[in-house]
file work_13.cif (mmCIF, C-alpha atoms)
data_structure
loop_
_atom_site.label_atom_id
_atom_site.label_comp_id
_atom_site.auth_asym_id
_atom_site.auth_seq_id
_atom_site.Cartn_x
_atom_site.Cartn_y
_atom_site.Cartn_z
CA MET A 1 108.48 -24.44 42.07
CA GLU A 2 110.11 -24.07 45.48
CA GLN A 3 113.31 -22.90 43.78
CA GLN A 4 111.28 -20.31 41.82
CA ILE A 5 109.69 -18.94 45.01
CA ASN A 6 113.09 -18.77 46.74
CA GLU A 7 114.51 -16.93 43.71
CA GLN A 8 111.61 -14.45 43.84
CA GLU A 9 112.07 -13.97 47.57
CA LYS A 10 115.79 -13.42 47.04
CA GLN A 11 115.13 -10.79 44.38
CA LYS A 12 112.61 -9.02 46.60
CA LEU A 13 115.07 -8.98 49.50
CA ALA A 14 117.81 -7.66 47.21
CA GLN A 15 115.50 -4.90 45.96
CA ASP A 16 114.46 -4.00 49.52
CA MET A 17 118.12 -3.79 50.51
CA LEU A 18 118.91 -1.59 47.51
CA ASN A 19 116.01 0.73 48.43
CA THR A 20 117.30 0.92 52.00
CA ILE A 21 120.82 1.75 50.78
CA LYS A 22 119.41 4.48 48.49
CA GLU A 23 117.37 5.87 51.39
CA GLU A 24 120.48 5.93 53.58
CA GLU A 25 122.43 7.73 50.83
CA THR A 26 119.67 10.35 50.52
CA VAL A 27 119.59 10.82 54.29
CA ASN A 28 123.42 11.09 54.45
CA GLN A 29 123.43 13.62 51.64
CA LEU A 30 120.74 15.63 53.40
CA GLU A 31 122.58 15.49 56.72
CA ASN A 32 125.59 17.03 55.05
CA ALA A 33 123.40 19.71 53.47
CA VAL A 34 121.63 20.53 56.73
CA LYS A 35 124.57 20.75 59.15
CA ASP A 36 126.00 23.95 57.63
CA ASN A 37 124.77 27.01 55.76
CA ILE A 38 127.24 26.13 53.00
CA ILE A 39 125.82 23.28 50.92
CA TYR A 40 128.24 20.77 49.41
CA PHE A 41 127.38 18.46 46.54
CA THR A 42 129.07 16.42 43.84
CA CYS A 43 128.52 16.47 40.12
CA LYS A 44 130.39 14.18 37.72
CA GLU A 45 132.90 13.40 40.48
CA GLN A 46 133.73 17.09 40.97
CA ASP A 47 133.10 18.72 44.37
CA PHE A 48 131.00 21.87 44.38
CA ARG A 49 129.50 24.08 47.04
CA ILE A 50 126.89 26.80 47.34
CA ARG A 51 128.14 29.34 49.86
CA ARG A 52 126.24 32.26 51.41
CA ILE A 53 126.15 35.52 49.50
CA ASN A 54 128.03 38.33 51.27
CA TYR A 55 126.80 41.88 51.81
CA LYS A 56 128.81 43.44 48.95
CA GLU A 57 127.51 40.78 46.54
CA GLN A 58 123.97 41.31 47.82
CA GLU A 59 124.28 45.03 46.98
CA ALA A 60 125.49 44.15 43.48
CA VAL A 61 122.54 41.76 43.06
CA GLU A 62 120.07 44.49 44.13
CA LYS A 63 121.61 46.85 41.57
CA GLU A 64 121.26 44.25 38.78
CA LYS A 65 117.70 43.52 39.92
CA ARG A 66 116.77 47.20 39.58
CA LYS A 67 118.34 47.36 36.10
CA LYS A 68 116.49 44.24 34.96
CA TYR A 69 113.20 45.50 36.44
CA LEU A 70 113.55 48.79 34.55
CA GLU A 71 114.32 46.88 31.35
CA LEU A 72 111.24 44.66 31.80
CA ILE A 73 108.75 47.41 32.61
CA SER A 74 110.06 49.49 29.69
CA ASP A 75 109.33 46.58 27.34
CA PRO A 76 105.71 46.85 26.10
CA THR A 77 105.54 43.07 25.54
CA SER A 78 106.37 42.32 29.17
CA LEU A 79 103.34 41.98 31.43
CA PHE A 80 102.80 41.68 35.17
CA ARG A 81 101.15 38.54 36.56
CA GLN A 82 97.77 40.22 36.95
CA GLN A 83 97.92 41.46 33.38
CA TRP A 84 98.66 37.90 32.21
CA VAL A 85 95.70 36.66 34.28
CA ASP A 86 93.46 39.22 32.54
CA LYS A 87 94.89 38.31 29.10
CA TYR A 88 94.23 34.61 29.67
CA LYS A 89 90.67 35.39 30.82
CA GLU A 90 90.05 37.02 27.44
CA LYS A 91 91.12 33.71 25.90
CA GLY A 92 88.78 31.72 28.14
CA ILE A 93 91.43 30.51 30.60
CA ASP A 94 90.43 31.52 34.12
CA LEU A 95 93.47 31.37 36.41
CA ASP A 96 91.50 32.79 39.36
CA LYS A 97 89.14 29.84 38.99
CA MET A 98 92.17 27.54 39.29
CA ASP A 99 92.92 29.13 42.66
CA GLY A 100 89.33 28.44 43.69
CA GLU A 101 89.70 24.81 42.61
CA ILE A 102 92.84 24.44 44.71
CA VAL A 103 91.04 25.84 47.77
CA LYS A 104 88.15 23.41 47.26
CA ILE A 105 90.43 20.40 46.82
CA GLN A 106 92.49 21.48 49.84
CA ALA A 107 89.29 21.58 51.95
CA ASN A 108 88.36 18.07 50.78
CA LEU A 109 91.89 16.87 51.47
CA GLU A 110 91.69 18.20 55.03
CA GLN A 111 88.34 16.49 55.60
CA LYS A 112 89.81 13.20 54.39
CA LEU A 113 92.86 13.62 56.63
CA LEU A 114 90.68 14.33 59.65
CA SER A 115 88.66 11.19 58.93
CA MET A 116 91.89 9.19 59.44
CA VAL A 117 92.30 10.36 63.05
CA GLY A 118 91.58 7.65 65.62
CA ILE A 119 91.25 4.91 62.99
CA ASP A 120 93.34 1.76 63.48
CA ASP A 121 91.97 -0.42 60.69
CA VAL A 122 94.84 -0.80 58.22
CA LYS A 123 92.56 -1.28 55.18
CA ILE A 124 90.57 1.88 55.92
CA ILE A 125 93.78 3.85 56.51
CA GLU A 126 95.29 2.69 53.20
CA GLN A 127 92.06 3.61 51.38
CA ILE A 128 92.06 7.10 52.90
CA LYS A 129 95.78 7.49 52.10
CA THR A 130 95.11 6.70 48.44
CA GLU A 131 92.37 9.32 48.30
CA VAL A 132 94.57 11.92 50.04
CA GLU A 133 97.41 11.26 47.56
CA GLU A 134 94.96 11.76 44.68
CA PHE A 135 93.91 15.14 46.11
CA LYS A 136 97.57 16.14 46.57
CA ASN A 137 98.41 15.14 42.99
CA LYS A 138 95.45 17.15 41.69
CA ILE A 139 96.60 20.26 43.62
CA TYR A 140 100.13 19.78 42.29
CA GLU A 141 98.90 19.44 38.69
CA ILE A 142 96.83 22.63 38.88
CA SER A 143 99.68 24.56 40.58
CA VAL A 144 102.18 23.50 37.92
CA LYS A 145 99.72 24.39 35.14
CA LYS A 146 99.18 27.85 36.64
CA ALA A 147 102.94 28.37 37.11
CA ASP A 148 103.48 27.46 33.44
CA TYR A 149 100.88 30.01 32.31
CA LEU A 150 102.51 32.76 34.41
CA GLY A 151 106.13 31.81 33.62
CA PHE A 152 106.57 34.81 31.30
CA SER A 153 105.38 37.39 33.84
CA ILE A 154 107.67 40.27 34.89
CA GLU A 155 107.71 38.94 38.46
CA ASP A 156 108.81 35.44 37.40
CA GLN A 157 111.39 36.68 34.92
CA LEU A 158 112.85 39.02 37.51
CA ARG A 159 113.01 36.23 40.08
CA THR A 160 114.77 33.89 37.64
CA HIS A 161 117.27 36.62 36.71
CA VAL A 162 118.08 37.32 40.38
CA LEU A 163 118.62 33.62 41.10
CA GLN A 164 120.93 33.34 38.10
CA ILE A 165 123.00 36.33 39.27
CA ILE A 166 123.24 34.87 42.78
CA MET A 167 124.24 31.49 41.37
CA SER A 168 126.99 33.05 39.26
CA LYS A 169 128.47 34.47 42.48
CA VAL A 170 128.01 31.68 45.04
CA LEU A 171 128.70 28.47 43.12
CA GLU A 172 132.24 27.28 43.83
CA LYS A 173 134.26 24.22 42.84
CA LYS A 174 137.09 22.52 44.68
CA GLU A 175 140.55 22.63 43.13
CA GLY A 176 143.09 20.96 45.33
CA GLU A 177 142.54 22.34 48.80
CA ASN A 178 140.94 25.56 47.61
CA TRP A 179 137.45 26.59 46.68
CA ILE A 180 137.20 28.87 43.66
CA THR A 181 134.20 30.58 42.04
CA CYS A 182 132.98 28.65 39.02
CA PHE A 183 132.16 31.75 36.98
CA LYS A 184 134.25 34.92 36.81
CA THR A 185 131.36 36.95 35.35
CA PHE A 186 127.63 36.62 34.79
CA GLU A 187 128.32 36.30 31.06
CA ASP A 188 130.51 33.22 31.77
CA PHE A 189 127.60 31.75 33.74
CA GLN A 190 125.23 32.37 30.84
CA LYS A 191 127.56 30.39 28.55
CA CYS A 192 127.54 27.31 30.80
CA GLU A 193 126.06 24.29 29.02
CA ASP A 194 126.37 21.72 31.79
CA ASN A 195 122.67 20.96 32.38
CA GLU A 196 123.33 18.39 35.08
CA LEU A 197 125.42 20.84 37.10
CA MET A 198 122.88 23.64 36.67
CA THR A 199 119.98 21.39 37.70
CA LYS A 200 121.77 20.24 40.87
CA ALA A 201 123.12 23.69 41.68
CA PHE A 202 119.75 25.44 41.33
CA TYR A 203 118.10 22.71 43.37
CA TRP A 204 120.51 23.29 46.26
CA LEU A 205 120.36 27.08 45.83
CA SER A 206 116.56 26.92 46.26
CA MET A 207 117.22 25.05 49.53
CA SER A 208 119.69 27.65 50.66
CA ILE A 209 117.74 30.89 50.22
CA GLU A 210 114.16 32.06 50.58
CA GLY A 211 112.17 33.11 47.51
CA MET B 1 112.86 8.25 48.68
CA ASN B 2 111.91 11.84 48.00
CA PHE B 3 113.65 14.78 49.56
CA MET B 4 110.92 15.92 52.00
CA LYS B 5 110.30 12.36 53.14
CA ALA B 6 114.02 11.95 53.84
CA LEU B 7 114.10 15.25 55.75
CA ARG B 8 111.16 14.16 57.90
CA LYS B 9 112.79 10.80 58.52
CA MET B 10 115.90 12.63 59.74
CA ALA B 11 113.86 14.99 61.93
CA ASN B 12 112.09 11.97 63.49
CA SER B 13 115.35 10.13 64.21
CA SER B 14 116.45 9.64 67.84
CA LYS B 15 119.84 11.21 67.01
CA TRP B 16 118.45 14.59 65.92
CA LEU B 17 115.58 14.65 68.44
CA SER B 18 118.02 14.01 71.30
CA LEU B 19 120.37 16.72 69.97
CA TYR B 20 117.40 19.11 69.83
CA ARG B 21 116.41 18.40 73.42
CA TYR B 22 120.00 18.61 74.74
CA SER B 23 120.71 21.84 72.84
CA LYS B 24 117.78 23.46 74.68
CA GLU B 25 119.27 22.49 78.04
CA ILE B 26 122.98 22.88 77.32
CA GLY B 27 123.66 26.47 76.23
CA ASN B 28 126.81 25.94 74.18
CA LEU B 29 125.81 22.76 72.35
CA LYS B 30 125.84 23.63 68.65
CA PHE B 31 122.99 22.27 66.60
CA PHE B 32 124.47 23.38 63.29
CA ASN B 33 128.00 24.44 62.31
CA ASN B 34 126.71 27.97 61.66
CA GLU B 35 125.14 30.03 64.44
CA GLN B 36 123.56 32.66 62.17
CA GLU B 37 122.17 32.96 58.65
CA LEU B 38 120.28 29.72 58.65
CA THR B 39 119.43 28.36 55.22
CA LYS B 40 115.86 27.64 54.15
CA LEU B 41 116.70 23.94 54.43
CA GLN B 42 117.87 24.37 58.03
CA MET B 43 114.70 26.30 58.92
CA ILE B 44 112.44 23.62 57.38
CA PHE B 45 114.42 20.93 59.19
CA LEU B 46 114.20 22.77 62.55
CA ASN B 47 110.47 23.18 62.03
CA TRP B 48 110.08 19.43 61.51
CA ILE B 49 112.20 18.56 64.54
CA ALA B 50 110.11 20.90 66.70
CA THR B 51 106.96 19.29 65.26
CA TYR B 52 108.11 15.73 65.97
CA ASN B 53 109.27 16.80 69.43
CA SER B 54 105.77 18.14 70.13
CA LEU B 55 104.23 14.87 68.88
CA TYR B 56 106.34 12.84 71.31
CA THR B 57 105.37 15.29 74.06
CA ASP B 58 101.71 14.69 73.25
CA LEU B 59 102.34 10.93 73.32
CA ALA B 60 104.02 11.17 76.73
CA SER B 61 101.12 13.32 78.03
CA GLY B 62 98.63 10.61 77.07
CA GLU B 63 96.83 12.73 74.47
CA GLU B 64 94.06 11.12 72.44
CA PHE B 65 94.63 9.62 68.98
CA ILE B 66 98.43 9.70 69.09
CA SER B 67 100.73 6.69 69.10
CA GLU B 68 104.16 5.70 67.82
CA ASP B 69 102.54 4.18 64.73
CA VAL B 70 100.87 7.52 64.01
CA ILE B 71 104.11 9.48 64.53
CA ASN B 72 106.10 7.16 62.25
CA ASP B 73 103.54 7.35 59.43
CA ASP B 74 103.83 10.67 57.53
CA LEU B 75 100.18 11.00 56.48
CA ARG B 76 98.78 9.82 59.82
CA ALA B 77 101.07 12.32 61.60
CA GLU B 78 99.78 15.09 59.28
CA ALA B 79 96.20 14.05 60.05
CA TYR B 80 96.87 14.23 63.79
CA LEU B 81 98.58 17.64 63.46
CA LEU B 82 95.56 18.98 61.54
CA TYR B 83 93.17 17.58 64.17
CA ARG B 84 95.30 19.15 66.93
CA SER B 85 95.40 22.58 65.28
CA LYS B 86 91.59 22.53 64.79
CA LYS B 87 91.18 21.55 68.44
CA TYR B 88 93.34 24.48 69.62
CA GLN B 89 91.54 26.83 67.23
CA LYS B 90 88.16 25.85 68.74
CA LYS B 91 89.53 26.46 72.25
CA GLU B 92 90.89 29.86 71.23
CA ASN B 93 87.60 30.88 69.63
CA LYS B 94 85.72 29.92 72.82
CA THR B 95 88.11 32.01 74.95
CA THR B 96 87.76 35.00 72.60
CA GLU B 97 83.95 34.72 72.76
CA ARG B 98 84.05 34.59 76.55
CA ASN B 99 86.33 37.64 76.73
CA LYS B 100 84.02 39.58 74.36
CA ASN B 101 81.16 39.23 76.85
CA ILE B 102 83.21 40.50 79.73
CA PHE B 103 84.43 43.75 78.23
CA SER B 104 82.05 46.28 76.68
CA ASN B 105 83.02 49.06 74.29
CA THR B 106 83.80 51.37 77.19
CA GLY B 107 86.58 49.03 78.32
CA ILE B 108 85.02 48.81 81.79
CA PRO B 109 84.58 45.19 82.80
CA LYS B 110 80.94 44.06 83.11
CA ILE B 111 79.79 41.76 85.87
CA ILE B 112 77.76 38.87 84.59
CA PHE B 113 75.19 37.50 87.02
CA THR B 114 74.17 33.90 86.45
CA LYS B 115 71.41 31.90 88.08
CA LYS B 116 72.56 28.83 89.95
#
call {"tool": "encode", "arguments": {"input": "work_13.cif", "output": "structure tokens"}}
result
Amino acid sequence: MEQQINEQEKQKLAQDMLNTIKEEETVNQLENAVKDNIIYFTCKEQDFRIRRINYKEQEAVEKEKRKKYLELISDPTSLFRQQWVDKYKEKGIDLDKMDGEIVKIQANLEQKLLSMVGIDDVKIIEQIKTEVEEFKNKIYEISVKKADYLGFSIEDQLRTHVLQIIMSKVLEKKEGENWITCFKTFEDFQKCEDNELMTKAFYWLSMSIEG
Amino acid sequence: MNFMKALRKMANSSKWLSLYRYSKEIGNLKFFNNEQELTKLQMIFLNWIATYNSLYTDLASGEEFISEDVINDDLRAEAYLLYRSKKYQKKENKTTERNKNIFSNTGIPKIIFTKK
């Protein structure tokens, strides 16, 4: 019995240590990402970086953005966000109501948070924390649902297209001592099938630029 | 550990808080490698460092409801920050109300006589 308890304790300590090591790795990775405006990361043991877009590239992106916008508004099946909201309302899905729900839950969340101020009782604090997390999860669920509904809007499609163009220009990989652009053209980027690289790269790109 | 939690942990570390304080006093101490074109990540991080710095300032000033336990607990720190912002909002509203009574539409200050 004593041996069993010691074994359990040992496993728990090992797990705690592993969690601490993982936390340290995350913090180290973040420190590297924060210290410069060029973000370095690794994927499948290859070094990559997201550099800043230069002025000439920014001009090229604006030009492509205008072209895409014209293409989208000329397409009768493409709708703006508000038009999608109106379309969904016809089908009985009220996206404006979802916004109202978020505001209500946010107000309740704030009340709960304020009730935590000045409290020292650990049990009460943990109870309030659980309730706050539930509110946060609810807000997140509704926000994701709404984003899914509006994913086909002109605004969202345009935003995705712009991010893809930027990515095709700023993602670089290390070869020897040099950094070279991963994709020579936007078409090359569109052919890329490395999902893991794209997931990581877009994640860090979203941390690099606004919007 | 999720990303935002890790970023907050970094912002609340003595290393980065000290660097933040020294960089304000020493002109040429670089906080980041780049001096311009901060990334969104750097801006979020700076915001959190400034927030934690203000929390420690409140602690040093003996403000109510703040302690090291509160600062080191993400949700409790958020609760305190919300309480603090509501407190400042109330103060600001009171000041605005008071100023409304002093100035009429003509812009000429009114004198308010009160009974003692």
call {"tool": "interface_residues", "arguments": {"input": "work_13.cif", "of": "chain B", "to": "chain A", "cutoff": "9 Å", "atoms": "all atoms listed in the file", "output": "list in words"}}
result
Met1, Asn2, Phe3, Ala6, Leu7, Lys9, Met10, Phe31, Phe32, Asn33, Asn34, Gln36, Glu37, Leu38, Thr39, Lys40, Leu41, Gln42, Phe45, Glu64, Phe65, Ile66, Leu75, Arg76, Glu78, Ala79, Tyr80, Leu82 and Tyr83 of chain B
call {"tool": "resolve_selection", "arguments": {"input": "work_13.cif", "expression": "the PyMOL selection byres ((chain B and resi 12) around 12)", "output": "ChimeraX atom specification"}}
result
/A:27 /B:5-11,13-20,45-56,68,71-74,77
call {"tool": "atom_distance", "arguments": {"input": "work_13.cif", "atom1": "atom CA of Lys145 of chain A", "atom2": "atom CA of Leu70 of chain A"}}
result
28.1 Å
call {"tool": "resolve_selection", "arguments": {"input": "work_13.cif", "expression": "the PyMOL selection byres ((chain A and resi 105) around 12)", "output": "number ranges by chain"}}
result
A: 98-104, 106-112, 131-143
call {"tool": "atom_distance", "arguments": {"input": "work_13.cif", "atom1": "atom CA of Glu172 of chain A", "atom2": "atom CA of Phe48 of chain A"}}
result
5.6 Å
call {"tool": "atom_distance", "arguments": {"input": "work_13.cif", "atom1": "atom CA of Leu163 of chain A", "atom2": "atom CA of Leu95 of chain A"}}
result
25.7 Å
call {"tool": "closest_residue", "arguments": {"input": "work_13.cif", "among": "B:Thr96, B:Glu35, B:Glu63, B:Tyr22", "to": "Arg84 of chain B", "atoms": "only C-alpha atoms"}}
result
B:Glu63
call {"tool": "residues_around", "arguments": {"input": "work_13.cif", "residues": "Arg159 of chain A", "least_positions_apart": "3", "cutoff": "12 Å", "atoms": "all atoms listed in the file", "output": "MDAnalysis selection string"}}
result
chainID A and resid 61:62 64:66 68:69 72 151:156 162:166 206 210:211
call {"tool": "resolve_selection", "arguments": {"input": "work_13.cif", "expression": "the PyMOL selection byres ((chain A and resi 169) around 12)", "output": "VMD selection string"}}
result
chain A and resid 49 to 54 56 to 58 60 to 61 162 to 168 170 to 173 180 to 189 205
